[in-house]
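Dumped final_12.cif below, it's mmCIF, C-alpha atoms:
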data_input
loop_
_atom_site.label_atom_id
_atom_site.label_comp_id
_atom_site.auth_asym_id
_atom_site.auth_seq_id
_atom_site.Cartn_x
_atom_site.Cartn_y
_atom_site.Cartn_z
CA MET A 1 -39.35 23.33 13.43
CA LYS A 2 -38.52 19.70 14.08
CA THR A 3 -40.90 18.63 11.32
CA ILE A 4 -39.30 21.03 8.87
CA SER A 5 -35.77 19.81 9.61
CA LEU A 6 -36.91 16.20 9.37
CA LEU A 7 -38.46 17.03 6.02
CA ILE A 8 -35.21 18.64 4.85
CA VAL A 9 -33.17 15.63 6.00
CA GLY A 10 -35.67 13.39 4.23
CA LEU A 11 -35.35 15.32 0.98
CA LEU A 12 -31.59 15.43 1.14
CA SER A 13 -31.31 11.69 1.49
CA LEU A 14 -33.26 11.15 -1.73
CA PRO A 15 -30.97 10.51 -4.66
CA LEU A 16 -31.27 13.30 -7.20
CA SER A 17 -31.29 11.09 -10.25
CA ALA A 18 -34.68 9.59 -9.48
CA ALA A 19 -33.47 6.40 -7.81
CA GLU A 20 -32.08 4.98 -11.04
CA LEU A 21 -28.99 4.18 -9.08
CA SER A 22 -29.23 3.30 -5.43
CA VAL A 23 -26.30 3.47 -3.08
CA ASP A 24 -26.09 1.10 -0.13
CA GLY A 25 -23.67 0.71 2.73
CA GLY A 26 -21.62 3.69 1.59
CA TYR A 27 -18.86 5.09 3.79
CA LEU A 28 -15.57 6.91 3.58
CA ARG A 29 -12.47 5.77 5.30
CA ALA A 30 -11.09 8.16 7.93
CA THR A 31 -7.68 9.50 6.90
CA PRO A 32 -4.44 9.72 8.89
CA PRO A 33 -3.30 13.27 9.66
CA GLY A 34 -1.65 14.91 6.67
CA GLN A 35 -3.06 12.32 4.29
CA MET A 36 -4.75 14.17 1.46
CA MET A 37 -6.09 11.12 -0.34
CA GLY A 38 -9.28 9.40 0.69
CA ALA A 39 -11.41 6.50 -0.43
CA ALA A 40 -15.15 5.88 -0.45
CA PHE A 41 -16.73 2.45 -0.66
CA MET A 42 -20.33 1.49 -1.44
CA THR A 43 -22.59 -0.82 -3.38
CA LEU A 44 -24.15 0.72 -6.48
CA SER A 45 -27.33 -0.87 -7.82
CA ASN A 46 -28.72 0.06 -11.17
CA ASN A 47 -32.50 -0.11 -10.93
CA SER A 48 -33.12 1.14 -14.45
CA ASP A 49 -33.26 -0.74 -17.74
CA LYS A 50 -30.24 1.09 -19.16
CA THR A 51 -26.53 0.94 -18.42
CA VAL A 52 -25.46 3.70 -16.06
CA THR A 53 -21.91 4.98 -16.54
CA LEU A 54 -20.13 6.55 -13.59
CA THR A 55 -17.31 8.86 -14.63
CA GLY A 56 -16.18 10.32 -11.30
CA GLY A 57 -17.39 13.01 -8.99
CA GLN A 58 -16.76 16.35 -7.39
CA SER A 59 -16.75 18.25 -4.14
CA ALA A 60 -15.60 21.69 -3.03
CA GLU A 61 -13.52 19.86 -0.40
CA THR A 62 -11.31 17.98 -2.85
CA ALA A 63 -9.20 18.70 -5.92
CA ALA A 64 -10.68 15.74 -7.80
CA ILE A 65 -12.85 12.68 -7.35
CA GLU A 66 -12.19 9.66 -9.56
CA VAL A 67 -13.11 6.02 -9.86
CA HIS A 68 -10.12 3.77 -9.23
CA ASN A 69 -9.53 0.07 -9.28
CA HIS A 70 -6.86 -2.16 -7.80
CA SER A 71 -5.31 -5.13 -9.40
CA MET A 72 -2.92 -7.66 -8.02
CA SER A 73 -0.39 -9.36 -10.23
CA ASP A 74 2.48 -11.51 -8.92
CA GLY A 75 1.95 -10.04 -5.47
CA VAL A 76 2.27 -6.48 -6.76
CA MET A 77 -0.70 -4.20 -6.08
CA SER A 78 -1.32 -1.50 -8.60
CA MET A 79 -4.04 1.10 -8.82
CA GLN A 80 -5.57 2.49 -11.99
CA GLN A 81 -8.04 5.23 -12.72
CA LEU A 82 -11.19 4.03 -14.47
CA GLU A 83 -12.49 6.79 -16.68
CA GLU A 84 -15.80 4.98 -16.93
CA LEU A 85 -17.44 2.44 -14.67
CA ASN A 86 -20.42 0.78 -16.32
CA ILE A 87 -23.19 -0.57 -14.16
CA LYS A 88 -25.47 -2.59 -16.40
CA ALA A 89 -29.24 -2.58 -16.12
CA GLY A 90 -30.34 -4.45 -13.01
CA GLU A 91 -26.77 -5.04 -11.87
CA LYS A 92 -24.94 -4.32 -8.65
CA VAL A 93 -21.34 -3.23 -8.45
CA GLN A 94 -19.48 -3.38 -5.19
CA LEU A 95 -16.84 -0.80 -4.38
CA ALA A 96 -14.89 -2.39 -1.55
CA PRO A 97 -11.38 -2.33 0.00
CA GLY A 98 -8.85 -4.05 -2.24
CA GLY A 99 -10.87 -3.40 -5.39
CA LEU A 100 -12.97 -0.62 -6.84
CA HIS A 101 -13.27 2.61 -4.90
CA ILE A 102 -14.10 6.27 -5.29
CA MET A 103 -10.83 8.08 -4.85
CA LEU A 104 -10.84 11.53 -3.24
CA ILE A 105 -7.73 13.36 -4.34
CA GLY A 106 -6.35 16.48 -2.69
CA LEU A 107 -8.61 16.61 0.36
CA LYS A 108 -8.65 20.05 1.95
CA LYS A 109 -8.91 18.54 5.44
CA SER A 110 -8.63 15.13 7.07
CA LEU A 111 -11.65 12.85 7.07
CA LEU A 112 -12.50 12.35 10.74
CA ALA A 113 -14.35 9.29 12.02
CA GLY A 114 -17.87 10.06 13.15
CA GLU A 115 -18.28 13.00 10.78
CA LYS A 116 -20.01 12.97 7.40
CA PHE A 117 -18.79 13.98 3.98
CA SER A 118 -20.88 14.93 0.99
CA PHE A 119 -19.92 14.86 -2.64
CA GLU A 120 -21.49 14.40 -6.04
CA LEU A 121 -21.17 11.46 -8.38
CA ASN A 122 -21.00 12.36 -12.06
CA PHE A 123 -22.49 10.22 -14.80
CA LYS A 124 -21.76 10.07 -18.48
CA ASP A 125 -25.21 11.33 -19.43
CA GLY A 126 -24.49 14.55 -17.52
CA SER A 127 -26.59 13.71 -14.48
CA LYS A 128 -25.27 13.96 -10.94
CA GLN A 129 -26.14 12.31 -7.68
CA THR A 130 -25.37 13.83 -4.28
CA LEU A 131 -24.22 11.51 -1.52
CA GLU A 132 -23.65 12.19 2.13
CA LEU A 133 -21.71 9.34 3.64
CA PRO A 134 -20.45 8.59 7.14
CA ILE A 135 -16.72 8.53 7.82
CA LYS A 136 -15.48 5.37 9.53
CA SER A 137 -12.12 4.49 10.99
CA ILE A 138 -10.39 1.18 10.39
CA VAL A 139 -8.05 1.83 13.29
CA ASN A 140 -9.20 0.37 16.62
CA MET B 1 52.45 -36.62 -34.91
CA LYS B 2 49.10 -35.45 -36.19
CA GLY B 3 47.45 -36.97 -33.08
CA ASN B 4 49.89 -35.15 -30.76
CA LYS B 5 49.13 -31.86 -32.46
CA LEU B 6 45.43 -32.42 -32.02
CA ILE B 7 45.85 -33.18 -28.29
CA TYR B 8 48.09 -30.14 -27.93
CA LEU B 9 45.58 -27.90 -29.67
CA SER B 10 42.59 -29.19 -27.74
CA THR B 11 44.50 -28.77 -24.44
CA LEU B 12 45.32 -25.23 -25.43
CA ILE B 13 41.70 -24.48 -26.27
CA ILE B 14 40.45 -26.01 -23.03
CA ALA B 15 43.09 -24.09 -21.06
CA LEU B 16 42.12 -20.86 -22.79
CA PHE B 17 38.45 -21.54 -22.16
CA LEU B 18 39.06 -22.30 -18.48
CA GLY B 19 41.25 -19.22 -18.17
CA VAL B 20 38.62 -16.94 -19.66
CA PHE B 21 35.91 -18.61 -17.62
CA SER B 22 37.73 -18.14 -14.30
CA TYR B 23 38.66 -14.59 -15.26
CA LEU B 24 34.98 -13.79 -15.87
CA ASN B 25 34.09 -15.50 -12.61
CA ILE B 26 36.58 -13.47 -10.59
CA ASN B 27 35.37 -10.23 -12.08
CA ARG B 28 31.73 -10.96 -11.50
CA PRO B 29 30.43 -9.90 -8.07
CA ALA B 30 30.30 -12.97 -5.86
CA PRO B 31 26.86 -14.50 -6.28
CA ASP B 32 24.76 -14.47 -3.12
CA THR B 33 24.68 -18.21 -2.53
CA SER B 34 23.06 -17.77 0.90
CA ASN B 35 19.85 -16.69 -0.82
CA GLU B 36 19.08 -14.81 2.35
CA LEU B 37 16.83 -11.79 2.24
CA GLY B 38 16.82 -9.11 4.88
CA GLY B 39 19.60 -7.92 7.14
CA ASP B 40 20.65 -4.71 8.85
CA PHE B 41 19.82 -1.28 7.52
CA SER B 42 19.55 2.27 8.71
CA ILE B 43 16.97 4.83 7.58
CA PRO B 44 16.26 8.50 8.34
CA ILE B 45 13.29 9.18 10.62
CA GLU B 46 12.08 12.48 12.04
CA LYS B 47 14.07 12.02 15.24
CA GLY B 48 17.28 11.01 13.50
CA GLN B 49 17.99 7.52 12.30
CA PHE B 50 16.38 4.13 12.70
CA SER B 51 19.01 1.38 12.74
CA LEU B 52 17.85 -2.20 12.81
CA SER B 53 20.96 -3.18 14.81
CA ASP B 54 19.61 -1.09 17.73
CA TYR B 55 16.58 -3.38 17.95
CA ARG B 56 18.18 -6.72 18.73
CA ASP B 57 15.86 -7.31 21.67
CA LYS B 58 12.73 -6.64 19.62
CA VAL B 59 10.73 -8.16 16.81
CA VAL B 60 10.57 -5.54 14.06
CA LEU B 61 7.59 -5.45 11.70
CA LEU B 62 8.59 -3.75 8.47
CA TYR B 63 6.17 -2.55 5.79
CA PHE B 64 7.03 -0.73 2.56
CA GLY B 65 4.35 1.56 1.14
CA TYR B 66 3.47 5.21 0.49
CA ALA B 67 1.32 7.60 2.46
CA SER B 68 -0.90 8.64 -0.47
CA CYS B 69 -1.93 5.02 -0.87
CA PRO B 70 -5.66 5.21 -0.17
CA ASP B 71 -6.53 1.62 0.51
CA VAL B 72 -3.92 -1.13 0.52
CA CYS B 73 -1.29 0.44 2.81
CA PRO B 74 -3.79 1.78 5.37
CA THR B 75 -5.49 -1.61 5.44
CA ALA B 76 -2.24 -3.48 6.09
CA LEU B 77 -1.02 -0.93 8.64
CA ALA B 78 -4.37 -0.73 10.46
CA LEU B 79 -4.52 -4.53 10.69
CA THR B 80 -0.99 -4.60 12.06
CA GLY B 81 -1.70 -1.82 14.57
CA ASN B 82 -5.04 -3.33 15.63
CA ILE B 83 -3.51 -6.76 16.18
CA LEU B 84 -0.67 -5.25 18.24
CA LYS B 85 -3.19 -3.38 20.39
CA LYS B 86 -4.93 -6.67 21.16
CA MET B 87 -1.75 -8.54 22.17
CA PRO B 88 -0.81 -8.85 25.85
CA GLU B 89 1.35 -5.90 26.84
CA HIS B 90 4.43 -8.00 27.57
CA VAL B 91 4.27 -9.20 23.96
CA SER B 92 3.52 -5.88 22.23
CA ALA B 93 6.29 -4.24 24.27
CA GLN B 94 8.71 -6.54 22.42
CA VAL B 95 7.47 -5.50 18.99
CA GLN B 96 8.55 -2.47 16.95
CA PRO B 97 6.37 -1.66 13.91
CA LEU B 98 8.16 0.28 11.15
CA PHE B 99 6.72 1.88 8.00
CA ILE B 100 9.09 2.83 5.20
CA SER B 101 7.77 5.11 2.46
CA VAL B 102 9.01 4.42 -1.07
CA ASP B 103 7.68 7.86 -2.08
CA PRO B 104 10.16 10.37 -0.59
CA ASP B 105 9.02 13.05 -3.06
CA ARG B 106 5.59 13.26 -1.46
CA ASP B 107 6.27 11.97 2.06
CA ASP B 108 8.42 14.04 4.37
CA LEU B 109 9.64 12.76 7.71
CA SER B 110 7.32 14.78 9.95
CA LYS B 111 4.27 13.77 7.92
CA LEU B 112 5.41 10.15 8.13
CA THR B 113 5.76 10.30 11.93
CA GLN B 114 2.13 11.39 12.27
CA TYR B 115 1.08 8.83 9.68
CA GLY B 116 2.72 5.98 11.62
CA HIS B 117 1.32 7.09 15.00
CA TYR B 118 -2.17 7.11 13.54
CA PHE B 119 -2.01 3.32 13.11
CA HIS B 120 -0.16 2.51 16.33
CA PRO B 121 1.37 4.82 18.93
CA SER B 122 4.71 3.01 18.71
CA MET B 123 4.89 2.82 14.91
CA ILE B 124 8.02 4.51 13.56
CA ALA B 125 8.05 5.77 9.97
CA GLY B 126 10.83 6.95 7.72
CA THR B 127 12.06 7.30 4.19
CA ASP B 128 15.30 7.98 2.34
CA LYS B 129 16.75 9.01 -1.00
CA LYS B 130 15.49 6.90 -3.88
CA GLN B 131 18.85 5.18 -4.32
CA ASN B 132 18.88 3.97 -0.69
CA ILE B 133 15.22 2.99 -0.76
CA ASP B 134 15.84 0.93 -3.91
CA LYS B 135 18.70 -0.89 -2.22
CA LEU B 136 16.65 -1.64 0.88
CA VAL B 137 13.63 -2.78 -1.12
CA ARG B 138 15.89 -5.21 -3.02
CA GLN B 139 17.54 -6.37 0.19
CA TYR B 140 14.14 -7.49 1.50
CA GLY B 141 12.90 -8.93 -1.78
CA ALA B 142 10.16 -6.32 -2.03
CA TYR B 143 9.22 -4.43 -5.18
CA TYR B 144 7.82 -1.05 -6.11
CA SER B 145 7.56 1.01 -9.25
CA ILE B 146 6.37 4.56 -9.89
CA ASN B 147 3.49 4.40 -12.34
CA ASN B 148 3.13 7.57 -14.42
CA ASP B 149 0.83 5.92 -16.89
CA THR B 150 -2.32 7.63 -15.73
CA ASN B 151 -4.57 10.60 -16.48
CA SER B 152 -5.47 10.67 -12.82
CA ALA B 153 -5.26 13.91 -10.85
CA MET B 154 -2.99 11.95 -8.51
CA GLY B 155 -0.15 12.49 -10.99
CA TYR B 156 1.39 9.12 -10.33
CA THR B 157 0.61 6.04 -8.32
CA VAL B 158 2.98 3.49 -6.89
CA ASP B 159 2.72 -0.18 -7.76
CA HIS B 160 4.07 -2.17 -4.85
CA THR B 161 4.15 -5.41 -2.97
CA SER B 162 2.09 -5.38 0.21
CA ARG B 163 3.98 -7.56 2.66
CA LEU B 164 4.77 -7.33 6.33
CA TYR B 165 8.35 -8.41 7.01
CA VAL B 166 8.76 -9.98 10.43
CA ILE B 167 12.35 -9.54 11.65
CA ASP B 168 13.35 -11.51 14.73
CA GLN B 169 15.40 -10.43 17.77
CA GLN B 170 18.61 -11.49 15.99
CA GLY B 171 17.87 -9.13 13.13
CA LYS B 172 17.03 -11.99 10.78
CA LEU B 173 14.05 -12.02 8.49
CA ALA B 174 11.80 -14.63 10.10
CA LYS B 175 8.79 -14.35 7.83
CA ALA B 176 7.24 -12.25 5.09
CA LEU B 177 3.49 -12.12 5.58
CA GLY B 178 1.53 -11.43 2.40
CA HIS B 179 -1.24 -8.82 2.56
CA SER B 180 -3.97 -11.37 3.22
CA ASP B 181 -1.83 -13.36 5.71
CA ILE B 182 -1.53 -10.48 8.18
CA GLN B 183 -4.95 -10.93 9.75
CA PRO B 184 -4.82 -14.73 10.22
CA ASN B 185 -1.11 -15.17 11.00
CA LEU B 186 0.45 -12.11 12.61
CA ALA B 187 -0.71 -12.70 16.21
CA ASN B 188 0.54 -16.32 16.24
CA THR B 189 3.83 -15.37 14.61
CA LEU B 190 4.44 -12.71 17.27
CA LEU B 191 3.50 -15.00 20.14
CA LYS B 192 5.89 -17.66 18.87
CA LEU B 193 8.78 -15.26 18.36
CA THR B 194 8.36 -13.72 21.79
CA GLY B 195 8.36 -17.16 23.43
CA ASN B 196 4.68 -17.30 24.29
#

Final structure tokens representation of the file:
Amino acid sequence: MKTISLLIVGLLSLPLSAAELSVDGGYLRATPPGQMMGAAFMTLSNNSDKTVTLTGGQSAETAAIEVHNHSMSDGVMSMQQLEELNIKAGEKVQLAPGGLHIMLIGLKKSLLAGEKFSFELNFKDGSKQTLELPIKSIVN
Amino acid sequence: MKGNKLIYLSTLIIALFLGVFSYLNINRPAPDTSNELGGDFSIPIEKGQFSLSDYRDKVVLLYFGYASCPDVCPTALALTGNILKKMPEHVSAQVQPLFISVDPDRDDLSKLTQYGHYFHPSMIAGTDKKQNIDKLVRQYGAYYSINNDTNSAMGYTVDHTSRLYVIDQQGKLAKALGHSDIQPNLANTLLKLTGN
């Protein structure tokens, strides 16, 4: 039984799109009560010889999942949706606080620290990659 | 005679000019020569009203943002709350954190109360009608703007300054800490203002 569940866990953690894109250090930020917007951060590495284009994602637990970016101009922070995020062959793109992030819009429940959340990333070529990421709190 | 006429005419023109000038000056709102940002305000919160004048014995930390903000506001508020939790109790007891939402359409007062408490148990949060928020934002030299220019499922986002306004025990704006200055400078600023 233990072996079977270990095997299942092992299979689940394999990226579905044949390791073209690897995801490291991914996590979601725990959300305050009543906050229906969330953010996921991670480093995406393109191990293939072609550009990989991330267009967003999906989950039954959210209304929408999009790629967003922040920019700061004259001290004013603004946030934009990126309809396409290109990760060139052999390149790494960091999604980190204050910059790029995966935006979870219309969460059906709060993201609680210590739990995990799974969702799919969508790519322009029609492929998908399932991620299961830990939820971490920034509040001490 | 010609010379006299010229002097007379030029005097008349100068007088007219001065008259018009002072008339315009009187009718213009007095310019704020003090250049001072900040000052007293009152804002609805779930339990009634937050009035800065009731907090003369405390240092008030004021942040303008919106609860749907996924990254920048939570980062600034978590830093603020975390730093306060690390301060000696006699210092943190003299500090009142306050979050003001510039997005009253999406943020109601009971949601805001929970939102504030998440970052620090003593954090108060409120919002007001757009007109009053706009006035308060100007009063503190902050800025925000609703950005509809998006295909995002969010509908709209809010462009805004991310600053923590440190208001001293006299109700005067002592410092405006930029987003990246909160972590390195907030603890020292609070220790100084509370006489430590």

Chain B residues near chain A within 10 Å, closest pair each, using only C-alpha atoms, as JSON lines:
{"residue": "B:Ala67", "atom": "CA", "partner": "A:Gln35", "partner_atom": "CA", "distance": 6.7}
{"residue": "B:Ser68", "atom": "CA", "partner": "A:Met37", "partner_atom": "CA", "distance": 5.8}
{"residue": "B:Cys69", "atom": "CA", "partner": "A:Met37", "partner_atom": "CA", "distance": 7.4}
{"residue": "B:Pro70", "atom": "CA", "partner": "A:Gly38", "partner_atom": "CA", "distance": 5.6}
{"residue": "B:Asp71", "atom": "CA", "partner": "A:Pro97", "partner_atom": "CA", "distance": 6.3}
{"residue": "B:Val72", "atom": "CA", "partner": "A:Gly98", "partner_atom": "CA", "distance": 6.4}
{"residue": "B:Pro74", "atom": "CA", "partner": "A:Ile138", "partner_atom": "CA", "distance": 8.3}
{"residue": "B:Thr75", "atom": "CA", "partner": "A:Ile138", "partner_atom": "CA", "distance": 7.5}
{"residue": "B:Leu77", "atom": "CA", "partner": "A:Val139", "partner_atom": "CA", "distance": 8.9}
{"residue": "B:Ala78", "atom": "CA", "partner": "A:Val139", "partner_atom": "CA", "distance": 5.3}
{"residue": "B:Leu79", "atom": "CA", "partner": "A:Val139", "partner_atom": "CA", "distance": 7.7}
{"residue": "B:Thr80", "atom": "CA", "partner": "A:Val139", "partner_atom": "CA", "distance": 9.6}
{"residue": "B:Gly81", "atom": "CA", "partner": "A:Val139", "partner_atom": "CA", "distance": 7.4}
{"residue": "B:Asn82", "atom": "CA", "partner": "A:Asn140", "partner_atom": "CA", "distance": 5.7}
{"residue": "B:Ile83", "atom": "CA", "partner": "A:Asn140", "partner_atom": "CA", "distance": 9.1}
{"residue": "B:Lys85", "atom": "CA", "partner": "A:Asn140", "partner_atom": "CA", "distance": 8.0}
{"residue": "B:Lys86", "atom": "CA", "partner": "A:Asn140", "partner_atom": "CA", "distance": 9.4}
{"residue": "B:Asp107", "atom": "CA", "partner": "A:Gln35", "partner_atom": "CA", "distance": 9.6}
{"residue": "B:Ser110", "atom": "CA", "partner": "A:Gly34", "partner_atom": "CA", "distance": 9.6}
{"residue": "B:Lys111", "atom": "CA", "partner": "A:Gly34", "partner_atom": "CA", "distance": 6.2}
{"residue": "B:Leu112", "atom": "CA", "partner": "A:Gly34", "partner_atom": "CA", "distance": 8.6}
{"residue": "B:Thr113", "atom": "CA", "partner": "A:Pro33", "partner_atom": "CA", "distance": 9.8}
{"residue": "B:Gln114", "atom": "CA", "partner": "A:Pro33", "partner_atom": "CA", "distance": 6.3}
{"residue": "B:Tyr115", "atom": "CA", "partner": "A:Pro32", "partner_atom": "CA", "distance": 5.6}
{"residue": "B:Gly116", "atom": "CA", "partner": "A:Pro32", "partner_atom": "CA", "distance": 8.5}
{"residue": "B:His117", "atom": "CA", "partner": "A:Pro32", "partner_atom": "CA", "distance": 8.8}
{"residue": "B:Tyr118", "atom": "CA", "partner": "A:Pro32", "partner_atom": "CA", "distance": 5.8}
{"residue": "B:Phe119", "atom": "CA", "partner": "A:Val139", "partner_atom": "CA", "distance": 6.2}
{"residue": "B:His120", "atom": "CA", "partner": "A:Val139", "partner_atom": "CA", "distance": 8.5}
{"residue": "B:Ala142", "atom": "CA", "partner": "A:Val76", "partner_atom": "CA", "distance": 9.2}
{"residue": "B:Tyr143", "atom": "CA", "partner": "A:Val76", "partner_atom": "CA", "distance": 7.4}
{"residue": "B:Tyr144", "atom": "CA", "partner": "A:Val76", "partner_atom": "CA", "distance": 7.8}
{"residue": "B:Ser145", "atom": "CA", "partner": "A:Ser78", "partner_atom": "CA", "distance": 9.3}
{"residue": "B:Ile146", "atom": "CA", "partner": "A:Ser78", "partner_atom": "CA", "distance": 9.9}
{"residue": "B:Asn147", "atom": "CA", "partner": "A:Ser78", "partner_atom": "CA", "distance": 8.5}
{"residue": "B:Asp149", "atom": "CA", "partner": "A:Gln80", "partner_atom": "CA", "distance": 8.8}
{"residue": "B:Thr150", "atom": "CA", "partner": "A:Gln81", "partner_atom": "CA", "distance": 6.9}
{"residue": "B:Asn151", "atom": "CA", "partner": "A:Gln81", "partner_atom": "CA", "distance": 7.4}
{"residue": "B:Ser152", "atom": "CA", "partner": "A:Gln81", "partner_atom": "CA", "distance": 6.0}
{"residue": "B:Ala153", "atom": "CA", "partner": "A:Ala64", "partner_atom": "CA", "distance": 6.5}
{"residue": "B:Met154", "atom": "CA", "partner": "A:Ile105", "partner_atom": "CA", "distance": 6.5}
{"residue": "B:Tyr156", "atom": "CA", "partner": "A:Gln80", "partner_atom": "CA", "distance": 9.8}
{"residue": "B:Thr157", "atom": "CA", "partner": "A:Met79", "partner_atom": "CA", "distance": 6.8}
{"residue": "B:Val158", "atom": "CA", "partner": "A:Ser78", "partner_atom": "CA", "distance": 6.8}
{"residue": "B:Asp159", "atom": "CA", "partner": "A:Ser78", "partner_atom": "CA", "distance": 4.3}
{"residue": "B:His160", "atom": "CA", "partner": "A:Val76", "partner_atom": "CA", "distance": 5.0}
{"residue": "B:Thr161", "atom": "CA", "partner": "A:Val76", "partner_atom": "CA", "distance": 4.4}
{"residue": "B:Ser162", "atom": "CA", "partner": "A:Met77", "partner_atom": "CA", "distance": 7.0}
{"residue": "B:Arg163", "atom": "CA", "partner": "A:Gly75", "partner_atom": "CA", "distance": 8.7}
{"residue": "B:Gly178", "atom": "CA", "partner": "A:Gly75", "partner_atom": "CA", "distance": 8.0}
{"residue": "B:His179", "atom": "CA", "partner": "A:Gly75", "partner_atom": "CA", "distance": 8.7}

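Closest approach to Leu136 of chain B from the set B:Lys172, B:Ser101, B:Asn148, B:Ile182 is made by B:Ser101, with distances taken over only C-alpha atoms.
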
Which one is closest to Leu100 of chain A: A:Glu20, A:Glu84, A:Asp49, A:Glu61? Count only C-alpha atoms.
A:Glu84

What's the 12 Å shell around segment 23-27 of chain A, counting all atoms listed in the file, without same-chain residues fewer than 2 positions away, as number ranges by chain?
A: 13-17, 19-21, 29-30, 38-47, 92-97, 101-102, 111-119, 121, 129-138

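Atom CA of Ala176 of chain B is found 15.8 Å from atom CA of Asp40 of chain B.
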
Give me, as a list in words, all polymer residues having an atom no more than 7 Å from Leu98 of chain B, counting all atoms listed in the file and skipping those fewer than 5 positions away in the same chain.
Val60, Leu61, Leu62, Tyr63, Met123, Ile124 and Ala125 of chain B

Quick one: apply the PyMOL selection byres ((chain B and resi 168) around 7) to the file and drop the selected residues here as an NGL selection string.
:B and (58-60 or 166-167 or 169-174 or 193)

Keeping only C-alpha atoms, write the selected residues to a file as a short mmCIF file (atom, residue, chain, number, x, y, z; two decimals), in the frame of the given file.
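Once written, result01.cif looks like this:
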data_model
loop_
_atom_site.label_atom_id
_atom_site.label_comp_id
_atom_site.auth_asym_id
_atom_site.auth_seq_id
_atom_site.Cartn_x
_atom_site.Cartn_y
_atom_site.Cartn_z
CA LYS B 58 12.73 -6.64 19.62
CA VAL B 59 10.73 -8.16 16.81
CA VAL B 60 10.57 -5.54 14.06
CA VAL B 166 8.76 -9.98 10.43
CA ILE B 167 12.35 -9.54 11.65
CA GLN B 169 15.40 -10.43 17.77
CA GLN B 170 18.61 -11.49 15.99
CA GLY B 171 17.87 -9.13 13.13
CA LYS B 172 17.03 -11.99 10.78
CA LEU B 173 14.05 -12.02 8.49
CA ALA B 174 11.80 -14.63 10.10
CA LEU B 193 8.78 -15.26 18.36
#

Hey, can you check how far atom CA of Asp128 of chain B sits from atom CA of Asp103 of chain B?
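A separation of 8.8 Å between them.
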
Can you work out which one of B:Leu84, B:Tyr165, B:His90, B:Gln96 has the shortest atom-to-atom distance to Gly141 of chain B, counting only C-alpha atoms?
B:Tyr165

Which neighbours of Lys129 of chain B fall inside 10 Å, counting only C-alpha atoms, when residues of the same chain fewer than 6 positions from it are skipped, and could you give them as a count of residues only?
6

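We find atom CA of Ala89 of chain A and atom CA of Ser127 of chain A to be spaced 16.6 Å apart.
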
Take every atom of segment 157-175 of chain B listed in the file, fit an axis-aligned box around them, add 4 Å per side, and give the centre and edge lengths in Å to one decimal as AutoDock Vina command-line options.
--center_x 9.6 --center_y -4.3 --center_z 4.7 --size_x 26.0 --size_y 28.7 --size_z 34.1
